[in-house]
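*Asks:* Input file: work36.txt. Contents: compact mmCIF, C-alpha atoms.
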# COMPACT_ATOMS: atom_id res chain seq x y z
CA MET U 1 156.40 135.71 68.58
CA THR U 2 153.27 137.24 70.07
CA LEU U 3 150.85 135.05 72.04
CA LYS U 4 147.25 135.87 72.81
CA GLU U 5 146.74 137.13 76.36
CA LYS U 6 143.46 135.24 76.64
CA ILE U 7 142.64 131.86 75.12
CA SER U 8 139.66 129.53 75.17
CA ILE U 9 139.41 125.96 76.44
CA ASP U 10 139.40 124.83 72.81
CA ASP U 11 142.87 126.33 72.36
CA LEU U 12 144.33 124.10 75.09
CA ASP U 13 146.42 121.13 73.95
CA PHE U 14 144.64 118.25 75.71
CA GLU U 15 145.85 115.77 73.09
CA LYS U 16 149.45 116.00 74.26
CA GLY U 17 148.46 114.58 77.66
CA ASN U 18 145.92 112.05 76.40
CA GLY U 19 143.04 114.30 77.30
CA LEU U 20 144.57 115.70 80.50
CA LEU U 21 146.47 118.85 81.47
CA PRO U 22 148.64 119.21 84.58
CA VAL U 23 147.49 121.92 87.00
CA VAL U 24 149.88 123.74 89.35
CA VAL U 25 147.78 124.92 92.32
CA GLN U 26 149.07 128.02 94.08
CA ASP U 27 147.79 129.87 97.16
CA PHE U 28 146.66 133.29 95.97
CA ILE U 29 147.59 134.91 99.31
CA THR U 30 150.91 133.32 100.27
CA ARG U 31 151.89 132.34 96.67
CA LYS U 32 152.97 128.95 97.99
CA VAL U 33 152.57 126.00 95.63
CA LEU U 34 149.97 123.75 97.25
CA MET U 35 149.69 120.73 94.94
CA VAL U 36 149.85 119.44 91.39
CA ALA U 37 146.83 117.70 89.85
CA TYR U 38 145.22 117.07 86.44
CA VAL U 39 142.13 118.28 84.61
CA ASN U 40 140.22 117.20 81.55
CA LYS U 41 137.84 119.48 79.67
CA GLU U 42 134.92 118.53 81.89
CA ALA U 43 136.83 119.32 85.10
CA LEU U 44 137.93 122.66 83.72
CA HIS U 45 134.38 123.53 82.62
CA LYS U 46 133.11 122.63 86.12
CA THR U 47 135.77 124.84 87.68
CA LEU U 48 134.73 127.78 85.50
CA GLU U 49 131.03 127.19 86.19
CA THR U 50 131.28 126.86 89.98
CA GLY U 51 134.38 128.86 90.91
CA PHE U 52 135.70 125.88 92.90
CA ALA U 53 138.60 123.67 91.86
CA HIS U 54 137.65 120.45 90.06
CA TYR U 55 140.15 117.84 88.91
CA TRP U 56 140.37 114.48 87.16
CA SER U 57 141.66 111.59 89.25
CA ARG U 58 143.95 109.41 87.16
CA SER U 59 144.00 106.61 89.74
CA ARG U 60 140.21 106.44 90.20
CA GLY U 61 139.23 107.53 86.70
CA ILE U 62 136.64 110.02 87.96
CA LEU U 63 135.96 113.75 88.12
CA TRP U 64 136.39 115.13 91.65
CA LEU U 65 135.69 118.36 93.48
CA LYS U 66 138.53 119.24 95.85
CA GLY U 67 137.10 119.28 99.37
CA GLU U 68 133.98 117.29 98.56
CA THR U 69 134.71 114.79 101.36
CA SER U 70 137.25 116.69 103.50
CA GLY U 71 135.65 120.13 103.38
CA ASN U 72 138.98 121.59 102.24
CA TYR U 73 137.58 123.34 99.16
CA GLN U 74 139.65 125.60 96.93
CA LYS U 75 138.00 128.81 95.78
CA VAL U 76 139.55 129.72 92.42
CA VAL U 77 140.70 133.32 92.00
CA ARG U 78 142.44 133.11 88.63
CA ILE U 79 143.43 130.54 86.00
CA GLU U 80 146.58 131.03 83.94
CA VAL U 81 147.86 129.13 80.90
CA ASP U 82 151.48 128.50 79.94
CA CYS U 83 153.05 129.47 76.59
CA ASP U 84 152.59 125.96 75.09
CA ASN U 85 148.90 125.73 76.04
CA ASP U 86 149.53 122.39 77.80
CA THR U 87 149.81 123.36 81.49
CA ILE U 88 147.66 125.61 83.65
CA THR U 89 147.82 127.26 87.05
CA TYR U 90 144.99 127.64 89.53
CA LEU U 91 145.47 130.53 91.93
CA VAL U 92 143.16 129.66 94.78
CA GLU U 93 141.96 130.67 98.20
CA PRO U 94 142.27 127.38 100.10
CA LEU U 95 139.55 126.65 102.64
CA GLY U 96 141.73 124.11 104.44
CA PRO U 97 144.92 122.07 103.93
CA ALA U 98 145.68 120.93 100.38
CA CYS U 99 147.50 117.73 101.38
CA HIS U 100 145.86 114.50 102.55
CA THR U 101 148.46 114.42 105.37
CA GLY U 102 146.93 117.56 106.87
CA ASN U 103 149.77 119.80 105.74
CA ILE U 104 148.91 123.12 104.15
CA SER U 105 150.86 122.14 101.02
CA CYS U 106 151.80 118.79 99.52
CA PHE U 107 155.32 120.22 99.17
CA PHE U 108 156.61 120.13 102.75
CA ARG U 109 159.73 117.94 102.46
CA GLU U 110 163.18 118.97 101.30
CA LEU U 111 165.20 116.89 98.85
CA ASP U 112 168.34 115.43 100.39
CA GLY U 113 171.45 117.02 98.90
CA THR U 114 170.07 120.55 98.50
CA GLU U 115 172.02 121.85 101.49
CA LYS U 116 175.03 122.64 99.28
CA ILE U 117 172.88 124.67 96.90
CA LYS U 118 171.26 126.58 99.76
CA LYS U 119 174.63 127.28 101.39
CA LYS U 120 176.06 128.63 98.16
CA TYR U 121 173.13 130.99 97.67
CA ASP U 122 173.21 132.07 101.33
CA THR U 123 176.90 132.93 100.96
CA GLU U 124 176.20 135.11 97.92
CA ILE U 125 173.47 137.01 99.75
CA ILE U 126 175.52 137.36 102.95
CA ASN U 127 178.45 138.85 101.02
CA GLU U 128 176.10 141.37 99.42
CA ILE U 129 174.63 142.29 102.81
CA ILE U 130 178.10 142.79 104.33
CA THR U 131 179.00 145.04 101.41
CA TYR U 132 175.90 147.13 102.10
CA PHE U 133 177.03 147.79 105.67
CA GLU U 134 180.67 148.36 104.73
CA LYS U 135 179.47 151.12 102.40
CA ALA U 136 176.89 152.49 104.85
CA LYS U 137 177.06 156.17 105.63
CA ILE U 138 177.42 156.90 109.35
CA VAL U 139 175.25 159.80 110.48
CA LYS U 140 175.79 161.12 113.99
CA ARG U 141 172.60 162.06 115.78
CA LYS U 142 172.61 163.90 119.08
CA ARG U 143 171.81 161.55 121.94
CA ILE U 144 168.80 162.48 124.04
CA LYS U 145 169.14 159.83 126.76
CA ASN U 146 172.64 158.77 127.69
CA ASN U 147 174.97 161.63 128.53
CA SER U 148 178.01 159.32 128.68
CA ARG U 149 178.13 159.52 124.89
CA ASN U 150 177.39 162.69 122.96
CA PHE U 151 176.26 161.09 119.74
CA TYR U 152 174.43 158.05 118.44
CA GLU U 153 175.88 156.62 115.24
CA LEU U 154 173.09 155.89 112.76
CA MET U 155 174.04 153.59 109.89
CA VAL U 156 172.18 154.70 106.76
CA ASN U 157 171.97 151.50 104.72
CA PRO U 158 169.56 149.61 102.41
CA ILE U 159 168.73 146.88 104.94
CA THR U 160 167.15 148.95 107.71
CA LYS U 161 166.74 152.41 106.17
CA ASN U 162 166.12 151.48 102.51
CA ILE U 163 168.70 154.07 101.43
CA PRO U 164 169.64 153.34 98.71
CA PRO U 165 166.64 151.09 97.84
CA LEU U 166 167.16 147.47 98.79
CA SER U 167 167.37 144.73 96.17
CA PRO U 168 164.15 142.64 95.99
CA LYS U 169 166.14 139.41 96.29
CA ILE U 170 167.65 140.59 99.60
CA ILE U 171 164.17 141.51 100.87
CA ALA U 172 162.90 138.06 99.86
CA TRP U 173 165.90 136.31 101.47
CA ILE U 174 165.56 138.15 104.79
CA ALA U 175 161.79 137.59 104.87
CA ASP U 176 162.25 133.90 104.08
CA LYS U 177 164.77 133.50 106.92
CA ILE U 178 162.51 135.27 109.41
CA ASN U 179 159.55 133.20 108.25
CA ASN U 180 161.51 129.97 108.73
CA ILE U 181 162.89 130.74 112.21
CA THR U 182 159.64 132.05 113.69
CA SER U 183 156.42 130.35 114.72
CA ASN U 184 153.39 130.01 112.45
CA ASN U 185 151.15 129.62 115.50
CA ILE U 186 150.25 133.31 115.57
CA ASP U 187 147.27 135.53 114.88
CA LYS U 188 149.12 138.55 113.56
CA VAL U 189 152.47 139.90 112.46
CA VAL U 190 153.25 143.18 114.25
CA VAL U 191 155.65 145.77 112.84
CA PRO U 192 156.58 149.15 114.36
CA GLU U 193 156.38 151.91 111.76
CA THR U 194 160.01 152.36 110.80
CA LEU U 195 162.06 152.98 107.69
CA GLY U 196 162.72 149.23 107.51
CA LEU U 197 159.04 148.37 107.08
CA SER U 198 159.48 146.46 103.81
CA ILE U 199 160.17 143.07 105.44
CA GLY U 200 157.08 142.85 107.67
CA PRO U 201 154.39 142.74 104.95
CA LEU U 202 156.25 140.01 103.07
CA VAL U 203 156.57 137.82 106.18
CA ALA U 204 152.87 138.38 106.92
CA GLN U 205 152.04 137.27 103.38
CA MET U 206 154.27 134.19 103.68
CA LYS U 207 152.53 133.21 106.91
CA GLY U 208 149.10 134.13 105.57
CA LYS U 209 148.43 136.33 108.62
CA PRO U 210 147.18 139.94 109.01
CA LEU U 211 149.76 142.69 109.43
CA ALA U 212 149.32 145.16 112.31
CA ILE U 213 151.44 148.30 112.08
CA ILE U 214 152.27 150.24 115.24
CA ARG U 215 152.02 153.81 114.00
CA LYS U 216 153.89 156.98 114.87
CA ARG U 217 150.77 159.07 114.43
CA SER U 218 147.18 159.07 115.58
CA PHE U 219 144.32 158.50 113.16
CA HIS U 220 141.88 160.23 115.54
CA THR U 221 139.75 157.19 116.21
CA ASN U 222 139.76 154.64 118.99
CA ASP U 223 137.93 151.96 117.02
CA TYR U 224 141.09 149.94 116.41
CA LEU U 225 143.40 151.54 118.98
CA LEU U 226 144.64 149.20 121.70
CA ASP U 227 146.84 151.72 123.51
CA LYS U 228 149.45 154.46 123.16
CA VAL U 229 153.15 154.00 123.95
CA THR U 230 155.49 156.81 124.89
CA TYR U 231 158.97 155.85 123.79
CA SER U 232 162.43 157.35 123.91
CA SER U 233 165.29 155.90 121.88
CA GLU U 234 168.85 157.12 121.87
CA TYR U 235 168.17 159.90 119.37
CA GLU U 236 164.41 160.46 119.21
CA LYS U 237 161.30 160.31 121.34
CA GLY U 238 157.62 160.26 120.63
CA THR U 239 154.42 158.26 120.83
CA TYR U 240 153.47 154.97 119.19
CA TYR U 241 149.81 154.16 118.53
CA ILE U 242 149.01 150.45 118.63
CA TYR U 243 146.32 149.75 116.07
CA GLY U 244 144.79 146.46 114.94
CA ILE U 245 145.85 144.30 117.90
CA ASN U 246 143.32 142.82 120.32
CA LYS U 247 143.62 141.47 123.85
CA GLY U 248 144.68 137.83 123.77
CA ASP U 249 146.17 137.99 120.27
CA ARG U 250 149.20 135.78 119.62
CA VAL U 251 151.75 137.89 117.77
CA LEU U 252 155.10 137.86 116.04
CA ILE U 253 156.92 141.21 116.38
CA ILE U 254 159.34 142.16 113.61
CA ASP U 255 161.62 145.17 114.08
CA ASP U 256 164.36 146.45 111.83
CA THR U 257 167.05 147.19 114.44
CA ILE U 258 167.66 146.59 118.12
CA SER U 259 170.30 148.73 119.79
CA THR U 260 169.54 149.88 123.35
CA GLY U 261 166.15 148.19 123.15
CA ASP U 262 164.26 151.05 124.83
CA THR U 263 161.59 151.44 122.14
CA LEU U 264 161.00 147.71 121.78
CA MET U 265 160.85 147.33 125.57
CA ALA U 266 158.11 150.00 125.80
CA ILE U 267 156.09 148.21 123.10
CA ILE U 268 156.46 144.81 124.78
CA GLU U 269 155.41 146.17 128.19
CA THR U 270 152.27 147.72 126.72
CA LEU U 271 151.29 144.61 124.77
CA LEU U 272 151.78 142.37 127.80
CA LYS U 273 149.67 144.76 129.89
CA HIS U 274 146.79 143.98 127.50
CA ASN U 275 147.36 140.20 127.69
CA VAL U 276 148.76 140.05 124.17
CA LYS U 277 150.82 136.85 123.84
CA ILE U 278 154.20 137.53 122.27
CA ILE U 279 155.09 134.27 120.57
CA ASP U 280 158.22 135.45 118.76
CA ILE U 281 160.35 138.55 118.24
CA ALA U 282 162.64 138.93 115.24
CA CYS U 283 164.99 141.85 114.60
CA ILE U 284 166.85 142.12 111.32
CA VAL U 285 169.87 143.91 112.79
CA GLU U 286 171.32 143.73 116.29
CA LYS U 287 173.85 146.37 117.38
CA GLU U 288 175.68 144.38 120.04
CA MET U 289 177.57 147.34 121.48
CA TYR U 290 174.33 148.79 122.91
CA ASN U 291 173.34 145.54 124.70
CA GLY U 292 169.58 145.96 124.11
CA LYS U 293 168.85 142.37 123.09
CA LYS U 294 170.37 140.96 126.27
CA LEU U 295 168.55 143.47 128.48
CA ILE U 296 165.14 142.67 126.98
CA GLU U 297 165.68 138.92 127.12
CA GLU U 298 166.70 139.10 130.78
CA HIS U 299 163.85 141.45 131.72
CA PHE U 300 160.98 139.64 129.96
CA GLY U 301 162.34 136.13 129.50
CA ILE U 302 161.56 136.38 125.79
CA SER U 303 164.10 135.26 123.20
CA ILE U 304 164.84 137.66 120.34
CA LYS U 305 165.96 136.20 117.02
CA THR U 306 168.37 138.35 115.01
CA LEU U 307 169.91 137.82 111.57
CA ILE U 308 172.65 140.44 111.33
CA LYS U 309 175.00 141.36 114.18
CA ILE U 310 177.06 144.55 114.21
CA ARG U 311 180.01 145.05 116.57
CA LYS U 312 181.95 148.26 117.12
CA GLU U 313 185.71 147.91 116.67
CA ASP U 314 187.32 151.31 117.19
CA ASN U 315 190.82 150.30 116.08
CA LYS U 316 189.71 148.99 112.67
CA ASN U 317 188.70 150.56 109.39
CA PRO U 318 185.80 150.33 108.87
CA PRO U 319 185.16 150.47 112.63
CA TYR U 320 182.43 147.81 112.50
CA SER U 321 182.42 144.07 112.02
CA ILE U 322 179.35 142.45 110.46
CA THR U 323 178.16 138.90 111.08
CA VAL U 324 175.15 137.39 109.28
CA LYS U 325 173.63 134.36 111.01
CA VAL U 326 171.94 131.66 108.97
CA GLU U 327 169.74 129.04 110.63
Render the structure in this file as structure tokens.

*Replies:*
Amino acid sequence: MTLKEKISIDDLDFEKGNGLLPVVVQDFITRKVLMVAYVNKEALHKTLETGFAHYWSRSRGILWLKGETSGNYQKVVRIEVDCDNDTITYLVEPLGPACHTGNISCFFRELDGTEKIKKKYDTEIINEIITYFEKAKIVKRKRIKNNSRNFYELMVNPITKNIPPLSPKIIAWIADKINNITSNNIDKVVVPETLGLSIGPLVAQMKGKPLAIIRKRSFHTNDYLLDKVTYSSEYEKGTYYIYGINKGDRVLIIDDTISTGDTLMAIIETLLKHNVKIIDIACIVEKEMYNGKKLIEEHFGISIKTLIKIRKEDNKNPPYSITVKVE
């Protein structure tokens, strides 16, 4: 059965709902569901004419413009219709909270009893992540800092190196966990340019905040350059260019891996020098045997939140143990 990609208001089945259609309202940027309301033909026509969301109030029996009294208007970006022509979606740019309680979305409470469902899904994802690391290829890179060990063991895996490409559901799960355990009271999400960059943009979208990428190359302009950072990790050294961050910004830093912590420490020192407020730091993977997380926390007094912990166990095969933390 083939359905028309575009339909008119006259094609909509208003009769099924006694002249009304339910509207699912979704934030165009974060894709979060904000509210559910109803429209009649007049409200829908008004929405199309003005570009702002209009609804029909069933309790008051009147047409209403969202934000008319609160100022929390909804600028409509797109309107979509379901396959039965009896439900529509507004994708909107909200100009304030959707809920009368002051919350961004009307959906901010969790149904009691869902913990079992969440735990089951978390277990499935965790098992998949552990399998990724158990199958990871270990590449030895010559160490450039610590002469006590000749080589640094680099784990080539989907989570932090995207080799092979990471499943979208794992990306979504990791981003969701980071989003939930970190503060929303930030101005920007900051991500060093690494092979594990895929998580940062998704968290920024979830939080509805700009993404600033600390680059490994210069773009030959100082317009957006805060500073340069010379860094030296266990197996590489170079310069980071901090673009898109301003003095006084409140930031969440997301990194793919923390091992010795040298690179992250250099970034933190530079940001603090420019009065950037580091609200949260999240690292996807922590290599405990290199002790970097502890060193940074003790030096700066900043807590680092990690999801996946890797320990070296020389007498076992594979020689690593993987722990995935769920909060």

*Asks:* Rank U:Thr123, U:Ala175, U:Asp82, U:Gln205 by their smallest atom-to-atom distance to Phe28 of chain U, using only C-alpha atoms, and report the top residue only.

*Replies:*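 Result for the nearest residue to Phe28 of chain U: U:Gln205.
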
*Asks:* For a quick check of understanding, using all atoms listed in the file, which of U:Lys228, U:Asp11, U:Ile181, U:Arg250 has the smallest distance to Lys305 of chain U?

*Replies:*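 Using all atoms listed in the file, the shortest distance to Lys305 of chain U belongs to U:Ile181.
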
*Asks:* What is the atom CA of Glu286 of chain U-atom CA of Ile310 of chain U distance in Å, reported with one decimal?

*Replies:*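 Going from atom CA of Glu286 of chain U over to atom CA of Ile310 of chain U, I get 6.2 Å.
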
*Asks:* Using all atoms listed in the file, determine which residues lie at most 12 Å from Gly102 of chain U, disregarding the query and same-chain residues fewer than 6 positions distant; provide the list as a PDB file with C-alpha atoms, in the frame of the given file.

*Replies:*
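Output file out.pdb is given in full below:
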ATOM      1  CA  LEU U  34     149.970 123.750  97.250  1.00  0.00           C
ATOM      2  CA  SER U  70     137.250 116.690 103.500  1.00  0.00           C
ATOM      3  CA  ASN U  72     138.980 121.590 102.240  1.00  0.00           C
ATOM      4  CA  GLY U  96     141.730 124.110 104.440  1.00  0.00           C
ATOM      5  CA  PHE U 108     156.610 120.130 102.750  1.00  0.00           C
TER       6      PHE U 108
END

*Asks:* For atom CA of Asp249 of chain U and atom CA of Ala204 of chain U, determine how far apart the two atoms are, in Å to one decimal place.

*Replies:*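 Going from atom CA of Asp249 of chain U over to atom CA of Ala204 of chain U covers 14.9 Å.
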